[in-house]
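Student: Sharing entry17.cif here; it has mmCIF, C-alpha atoms.
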```cif
data_protein
loop_
_atom_site.label_atom_id
_atom_site.label_comp_id
_atom_site.auth_asym_id
_atom_site.auth_seq_id
_atom_site.Cartn_x
_atom_site.Cartn_y
_atom_site.Cartn_z
CA MET A 260 -50.51 -9.69 10.55
CA SER A 261 -48.94 -9.17 13.92
CA GLU A 262 -45.75 -7.25 14.61
CA LYS A 263 -44.15 -10.49 15.74
CA THR A 264 -44.19 -12.09 12.29
CA LEU A 265 -40.43 -12.07 12.06
CA HIS A 266 -40.19 -13.99 15.33
CA ASN A 267 -41.83 -16.97 13.70
CA PRO A 268 -39.09 -19.67 13.63
CA HIS A 269 -40.61 -21.13 10.47
CA LEU A 270 -39.53 -18.03 8.56
CA LYS A 271 -35.93 -18.61 9.51
CA GLU A 272 -35.84 -21.94 7.71
CA ASN A 273 -34.08 -22.03 4.36
CA PRO A 274 -36.75 -22.15 1.66
CA PHE A 275 -34.32 -22.37 -1.24
CA LYS A 276 -33.35 -25.59 -2.93
CA VAL A 277 -30.78 -26.80 -5.41
CA PRO A 278 -31.11 -29.39 -8.19
CA SER A 279 -29.85 -32.84 -7.24
CA GLY A 280 -26.10 -33.23 -7.59
CA TYR A 281 -25.68 -29.50 -7.97
CA PHE A 282 -22.72 -29.17 -5.63
CA GLN A 283 -20.98 -32.15 -7.24
CA GLN A 284 -21.30 -30.34 -10.57
CA VAL A 285 -19.88 -27.19 -9.05
CA GLU A 286 -16.86 -29.06 -7.79
CA ALA A 287 -16.47 -30.73 -11.20
CA ARG A 288 -16.67 -27.35 -12.95
CA TRP A 289 -14.05 -25.90 -10.66
CA ALA A 290 -11.89 -28.98 -11.05
CA ASN A 291 -12.02 -28.52 -14.85
CA GLY A 292 -10.59 -25.06 -14.34
CA GLU A 293 -13.59 -23.13 -15.63
CA VAL A 294 -13.24 -19.58 -14.41
CA PRO A 295 -16.26 -17.29 -14.54
CA ASP A 296 -16.06 -14.18 -16.70
CA GLN A 297 -16.24 -11.94 -13.67
CA VAL A 298 -13.01 -13.41 -12.34
CA ARG A 299 -11.33 -13.32 -15.73
CA SER A 300 -12.19 -9.70 -16.34
CA ASP A 301 -11.28 -8.60 -12.82
CA PRO A 302 -9.27 -5.40 -13.43
CA GLY A 303 -7.45 -5.79 -10.13
CA LYS A 304 -5.73 -9.01 -11.18
CA GLY A 305 -3.59 -7.40 -13.87
CA ARG A 306 -2.28 -4.87 -11.42
CA ARG A 307 -1.43 -7.40 -8.75
CA PHE A 308 2.25 -7.46 -9.73
CA ILE A 309 2.45 -3.69 -9.55
CA ARG A 310 0.60 -3.73 -6.22
CA LEU A 311 3.15 -6.16 -4.82
CA LEU A 312 6.08 -4.07 -6.03
CA ARG A 313 4.57 -0.75 -5.06
CA PRO A 314 6.52 -0.23 -1.77
CA GLN A 315 9.82 -1.10 -3.41
CA LEU A 316 9.03 1.15 -6.37
CA GLN A 317 8.16 4.01 -4.04
CA LEU A 318 11.43 3.56 -2.17
CA ALA A 319 13.43 3.46 -5.40
CA ALA A 320 11.61 6.54 -6.69
CA ALA A 321 12.41 8.39 -3.45
CA PHE A 322 16.11 7.52 -3.80
CA VAL A 323 16.18 8.56 -7.43
CA MET A 324 14.50 11.83 -6.53
CA LEU A 325 16.97 12.54 -3.71
CA PHE A 326 19.96 11.75 -5.92
CA GLY A 327 18.47 13.88 -8.66
CA ILE A 328 18.00 16.83 -6.35
CA GLY A 329 21.54 16.42 -4.97
CA TYR A 330 23.01 16.17 -8.46
CA LEU A 331 21.13 19.27 -9.60
CA LEU A 332 22.32 21.22 -6.57
CA LEU A 333 25.92 20.16 -7.20
CA LEU A 334 25.58 21.01 -10.86
CA ILE A 335 24.18 24.47 -10.14
CA THR A 336 26.71 25.38 -7.42
CA GLY A 337 29.59 23.90 -9.46
CA ARG A 338 28.62 25.99 -12.45
CA ASN A 339 28.45 29.10 -10.30
CA GLU A 340 31.91 28.41 -8.88
CA THR A 341 33.35 27.79 -12.35
CA ARG A 342 31.75 30.94 -13.60
CA GLN A 343 33.09 32.89 -10.64
CA MET A 344 36.61 31.48 -11.15
CA GLN A 345 36.47 32.21 -14.85
CA THR A 346 35.37 35.76 -14.15
CA GLU A 347 38.13 36.26 -11.59
CA GLU A 348 40.76 34.80 -13.95
CA LEU A 349 39.54 36.97 -16.79
CA SER A 350 39.63 40.08 -14.63
CA VAL A 351 43.20 39.29 -13.50
CA LEU A 352 44.30 38.54 -17.05
CA SER A 353 42.74 41.74 -18.31
CA GLU A 354 44.52 43.60 -15.55
CA TRP A 355 47.84 42.03 -16.57
CA SER A 356 47.24 42.70 -20.25
CA SER A 357 46.54 46.32 -19.45
CA LEU A 358 50.02 46.38 -17.85
CA GLY A 359 51.53 44.79 -20.99
CA LEU A 360 52.16 41.39 -19.37
CA ASP A 361 51.43 37.93 -20.73
CA HIS A 362 51.40 34.52 -19.01
CA ARG A 363 55.16 34.01 -19.45
CA ASP A 364 55.93 37.25 -17.72
CA VAL A 365 53.57 36.34 -14.96
CA SER A 366 55.13 32.89 -14.45
CA ASN A 367 58.60 34.44 -14.44
CA LEU A 368 57.40 36.98 -11.95
CA ILE A 369 56.08 34.27 -9.68
CA LEU A 370 59.31 32.26 -9.93
CA GLU A 371 61.39 35.33 -9.23
CA ASN A 372 59.24 36.20 -6.29
CA LEU A 373 59.70 32.72 -4.89
CA PHE A 374 63.44 32.95 -5.45
CA GLU A 375 63.57 36.31 -3.85
CA GLU A 376 61.62 34.98 -0.92
CA ASP A 377 64.23 32.20 -0.54
CA GLN A 378 67.03 34.71 -0.85
CA MET A 379 65.38 36.92 1.67
CA THR A 380 65.54 34.16 4.30
CA PRO A 381 68.55 35.15 6.46
CA VAL A 382 71.35 32.58 6.92
CA VAL A 383 72.85 33.12 10.35
CA ASP A 384 75.84 31.24 11.81
CA PRO A 385 74.94 29.76 15.18
CA ASP A 386 76.65 31.10 18.19
CA VAL A 387 79.11 28.64 19.84
CA GLU A 388 77.70 29.29 23.28
CA ASP A 389 74.20 28.61 22.02
CA LEU A 390 75.40 25.39 20.47
CA ILE A 391 76.99 24.29 23.72
CA ASP A 392 73.80 25.13 25.61
CA TYR A 393 71.86 23.16 23.05
CA MET A 394 74.14 20.16 23.39
CA ASP A 395 74.33 20.36 27.17
CA TYR A 396 72.99 16.99 28.21
CA PRO A 397 74.07 14.83 31.18
CA GLY A 398 77.56 13.36 30.62
CA PHE A 399 78.45 15.86 27.89
CA ASP A 400 82.17 16.67 27.90
CA PRO A 401 83.13 19.27 25.28
CA VAL A 402 86.90 18.74 25.85
CA ASN A 403 86.82 14.98 25.25
CA LEU A 404 84.48 15.56 22.34
CA ALA A 405 87.01 17.92 20.76
CA LEU A 406 89.90 15.47 21.37
CA SER A 407 88.05 12.41 20.08
CA THR A 408 87.00 14.02 16.86
CA ASN A 409 89.10 15.07 13.93
CA ASN A 410 87.48 18.39 13.53
CA GLU A 411 89.89 21.11 12.67
CA MET B 84 -28.21 -12.35 -0.97
CA VAL B 85 -28.37 -13.67 -4.53
CA LEU B 86 -31.08 -16.00 -5.75
CA LEU B 87 -29.46 -17.75 -8.70
CA HIS B 88 -27.18 -20.64 -7.98
CA ASP B 89 -24.80 -19.68 -10.76
CA ASP B 90 -24.42 -16.22 -9.24
CA ALA B 91 -23.76 -17.78 -5.84
CA ASP B 92 -21.20 -20.07 -7.50
CA ASP B 93 -19.39 -17.17 -9.07
CA ILE B 94 -19.34 -15.21 -5.84
CA LEU B 95 -18.11 -18.20 -3.87
CA GLN B 96 -15.39 -18.91 -6.41
CA ASN B 97 -14.26 -15.28 -6.42
CA THR B 98 -14.25 -15.25 -2.64
CA LEU B 99 -12.14 -18.39 -2.41
CA LEU B 100 -9.81 -17.14 -5.13
CA LYS B 101 -9.28 -13.82 -3.37
CA ALA B 102 -8.84 -15.55 -0.02
CA TRP B 103 -6.23 -17.87 -1.55
CA THR B 104 -4.27 -15.07 -3.19
CA GLY B 105 -4.65 -12.81 -0.15
CA LEU B 106 -3.76 -15.45 2.42
CA PRO B 107 -0.02 -14.54 2.54
CA SER B 108 -0.99 -10.98 3.49
CA PHE B 109 -3.43 -12.12 6.19
CA ARG B 110 -1.90 -11.07 9.52
CA TRP B 111 -3.91 -13.35 11.81
CA GLN B 112 -4.86 -10.34 13.92
CA SER B 113 -8.51 -11.08 13.20
CA GLN B 114 -10.35 -14.35 13.00
CA LEU B 115 -10.16 -16.26 9.73
CA PHE B 116 -13.96 -16.49 9.76
CA THR B 117 -14.29 -12.70 9.99
CA TRP B 118 -11.77 -12.19 7.21
CA LEU B 119 -13.45 -14.70 4.88
CA TYR B 120 -16.86 -13.28 5.65
CA ARG B 121 -15.61 -9.80 4.86
CA ILE B 122 -14.26 -10.90 1.48
CA ALA B 123 -17.54 -12.67 0.73
CA THR B 124 -19.70 -9.70 1.67
CA ASN B 125 -17.56 -7.37 -0.41
CA GLU B 126 -17.87 -9.77 -3.34
CA VAL B 127 -21.63 -9.93 -2.95
CA LEU B 128 -22.00 -6.15 -2.79
CA THR B 129 -19.75 -5.72 -5.83
CA PHE B 130 -21.72 -8.36 -7.70
CA LEU B 131 -25.06 -6.74 -6.85
CA LYS B 132 -23.76 -3.35 -7.91
CA LYS B 133 -22.56 -4.72 -11.25
CA SER B 134 -25.61 -6.85 -11.96
CA LYS B 135 -28.14 -4.16 -11.04
CA SER B 136 -28.09 -2.64 -14.50
CA LEU B 137 -27.96 -6.04 -16.25
CA GLN B 138 -31.03 -7.57 -14.61
CA GLN B 139 -33.76 -8.15 -17.13
CA VAL B 140 -36.06 -10.20 -14.95
CA PRO B 141 -36.73 -8.82 -11.45
CA MET B 142 -35.39 -11.17 -8.82
CA GLU B 143 -38.64 -11.38 -6.87
CA ASP B 144 -40.41 -12.65 -10.03
CA ARG B 145 -38.00 -15.56 -10.19
CA LEU B 146 -39.37 -16.82 -6.89
CA ASP B 147 -42.71 -17.35 -8.64
CA THR B 148 -41.43 -18.65 -11.96
CA ASP B 149 -38.44 -20.84 -11.07
CA PRO B 150 -39.51 -24.09 -9.39
CA GLN B 151 -35.90 -25.24 -9.23
CA LEU B 152 -35.13 -22.33 -6.97
CA PHE B 153 -37.75 -21.94 -4.29
CA ASN B 154 -39.41 -24.50 -2.08
CA GLY B 155 -41.07 -22.39 0.60
CA ASP B 156 -44.65 -21.47 1.41
CA ASP B 157 -46.39 -18.17 0.75
CA MET B 158 -45.19 -16.64 3.98
CA GLN B 159 -41.58 -17.47 3.25
CA LYS B 160 -41.97 -16.23 -0.31
CA ALA B 161 -43.41 -12.95 0.94
CA LEU B 162 -40.53 -12.55 3.34
CA GLN B 163 -37.95 -13.21 0.60
CA LYS B 164 -39.65 -10.75 -1.73
CA ALA B 165 -39.62 -8.12 0.99
CA ILE B 166 -35.94 -8.77 1.66
CA LEU B 167 -35.14 -8.42 -2.06
CA ASN B 168 -36.66 -4.95 -1.99
CA LEU B 169 -34.20 -3.74 0.62
CA PRO B 170 -31.05 -1.84 -0.42
CA PRO B 171 -28.06 -4.25 -0.72
CA LYS B 172 -26.23 -3.17 2.44
CA GLN B 173 -29.41 -3.26 4.51
CA ARG B 174 -30.28 -6.65 3.02
CA LEU B 175 -26.86 -7.91 4.00
CA VAL B 176 -27.24 -6.70 7.58
CA PHE B 177 -30.72 -8.19 7.86
CA ASN B 178 -29.68 -11.59 6.45
CA MET B 179 -26.61 -11.78 8.66
CA ARG B 180 -28.58 -11.00 11.79
CA TYR B 181 -31.89 -12.71 11.06
CA PHE B 182 -30.85 -15.91 9.28
CA ASP B 183 -27.22 -16.40 10.30
CA GLU B 184 -27.72 -14.88 13.78
CA ILE B 185 -24.30 -13.28 13.75
CA LYS B 186 -23.52 -11.09 16.76
CA TYR B 187 -23.39 -7.34 16.21
CA GLU B 188 -19.83 -7.37 17.50
CA ASP B 189 -18.75 -9.80 14.76
CA MET B 190 -20.84 -8.01 12.16
CA SER B 191 -19.08 -4.80 13.10
CA ARG B 192 -15.70 -6.43 12.42
CA ILE B 193 -16.87 -7.97 9.16
CA LEU B 194 -18.57 -4.92 7.70
CA GLY B 195 -16.35 -2.26 9.26
CA THR B 196 -19.42 -0.45 10.63
CA SER B 197 -20.19 0.54 14.22
CA GLN B 198 -22.51 -1.69 16.25
CA GLY B 199 -24.92 1.19 16.81
CA ALA B 200 -25.23 1.80 13.08
CA LEU B 201 -25.76 -1.91 12.46
CA LYS B 202 -28.49 -2.14 15.10
CA ALA B 203 -30.22 0.88 13.63
CA SER B 204 -29.89 -0.56 10.14
CA TYR B 205 -31.32 -3.92 11.23
CA HIS B 206 -34.30 -2.41 13.05
CA HIS B 207 -34.98 -0.12 10.11
CA ALA B 208 -34.86 -3.10 7.74
CA ALA B 209 -37.07 -5.19 10.02
CA SER B 210 -39.73 -2.50 10.26
CA LYS B 211 -39.64 -2.05 6.48
CA ILE B 212 -40.07 -5.78 6.01
CA GLN B 213 -42.98 -5.84 8.42
CA GLU B 214 -44.64 -3.13 6.37
CA MET B 215 -43.98 -4.93 3.09
CA LEU B 216 -45.24 -8.22 4.49
CA LYS B 217 -48.48 -6.54 5.43
CA GLU B 218 -48.87 -5.25 1.88
CA ILE B 219 -47.95 -8.55 0.24
CA LEU B 220 -50.00 -10.87 2.42
CA LEU B 221 -53.13 -8.75 2.73
#
```
Can I see the file as structure tokens?

Tutor:
Amino acid sequence: MSEKTLHNPHLKENPFKVPSGYFQQVEARWANGEVPDQVRSDPGKGRRFIRLLRPQLQLAAAFVMLFGIGYLLLLITGRNETRQMQTEELSVLSEWSSLGLDHRDVSNLILENLFEEDQMTPVVDPDVEDLIDYMDYPGFDPVNLALSTNNE
Amino acid sequence: MVLLHDDADDILQNTLLKAWTGLPSFRWQSQLFTWLYRIATNEVLTFLKKSKSLQQVPMEDRLDTDPQLFNGDDMQKALQKAILNLPPKQRLVFNMRYFDEIKYEDMSRILGTSQGALKASYHHAASKIQEMLKEILL
């Protein structure tokens, strides 16, 4: 046998045959909707829906994860702040109680302080000269103004 | 690639089914022929992998016993028996090149393998077949 056996064109001819009407039967079988077992038991088919939705599911999962992380962070920092405020309040209250004060005394104290602050604001009568300077605009005539008004 | 007509039927039906369901995702960046061929070759390789353990009668024996199947002479029978003894991927490469005369460039797109590897695979398969033909026909 020579090395050129495969170059023989006769070998390239199709030696296989099919029974008569075979392809017509195939078409008929397919037309009847007969599905081979291999297709029916294809494990990939059941997951097709999930495969289609996979990108959307991944996106949704990413959003949920981000929101979850954000919520957890807020929850943790919020708790810390509340705890800090509670601790501060408790320390202030304990300080007041050591001085023999309760919340009424404290509120009175605050109100009094505010009142005192208001009282402490000085009420000063404006100087007449300053007033005239303030009202000195073009066409201002203090004499006519005094005559035309009923001010005493 | 497969000898039995029923097996070929199943593979063809699976191929067409997958092509039909996968057609919306086909991006038309490659040729339709290449895409269909790729699905078919994947189906064939999957089928051969699955049926390897289930085969009770060796395929090459069917060439002798099934008159409905084979119509060739002794030389053609020897060649087919030699081809059946190749590993599936090598058999695929040999059939595509030898019988279908597909260009290496197209084969590379279909099989996702480099042209160099395909050429090497084909020449390796051809030399193996030559050796087997010697043994069978002598």

Student: Hey, list the chain B side of the contact with chain A: 6 Å cut-off, all atoms listed in the file, answer as a JSON list (two decimals) with C-alpha atoms, in the frame of the given file.

Tutor:
```
[["chain", "number", "residue", "atom", "x", "y", "z"],
["B", 152, "LEU", "CA", -35.13, -22.33, -6.97],
["B", 153, "PHE", "CA", -37.75, -21.94, -4.29],
["B", 154, "ASN", "CA", -39.41, -24.50, -2.08],
["B", 155, "GLY", "CA", -41.07, -22.39, 0.60],
["B", 159, "GLN", "CA", -41.58, -17.47, 3.25],
["B", 182, "PHE", "CA", -30.85, -15.91, 9.28]]
```

Student: Name the residues that the PyMOL selection byres ((chain B and resi 109-123) around 12) pulls out of this structure, and write them as JSON, numbers by chain.

Tutor: {"B": [84, 91, 92, 93, 94, 95, 96, 97, 98, 99, 100, 101, 102, 103, 104, 105, 106, 107, 108, 124, 125, 126, 127, 128, 129, 130, 175, 179, 183, 185, 186, 188, 189, 190, 191, 192, 193, 194, 195, 196]}

Student: Compile the contact shell of Arg174 (chain B) as number ranges by chain: residues with an atom at most 10 Å away, counting only C-alpha atoms, same-chain residues fewer than 6 positions apart removed.

Tutor: B: 84, 165-168, 180, 204-205, 208-209

Student: From the options B:Ile219, B:Leu201, B:Val85, B:Ile212, which residue's atoms come nearest to Ser134 (chain B), counting all atoms listed in the file?

Tutor: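 The shortest atom-to-atom distance to Ser134 (chain B) comes from B:Val85.
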
Student: What is the CA of Lys160 (chain B) to CA of Met215 (chain B) distance in Å?

Tutor: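 If I compute the distance from CA of Lys160 (chain B) to CA of Met215 (chain B), I get 12.0 Å.
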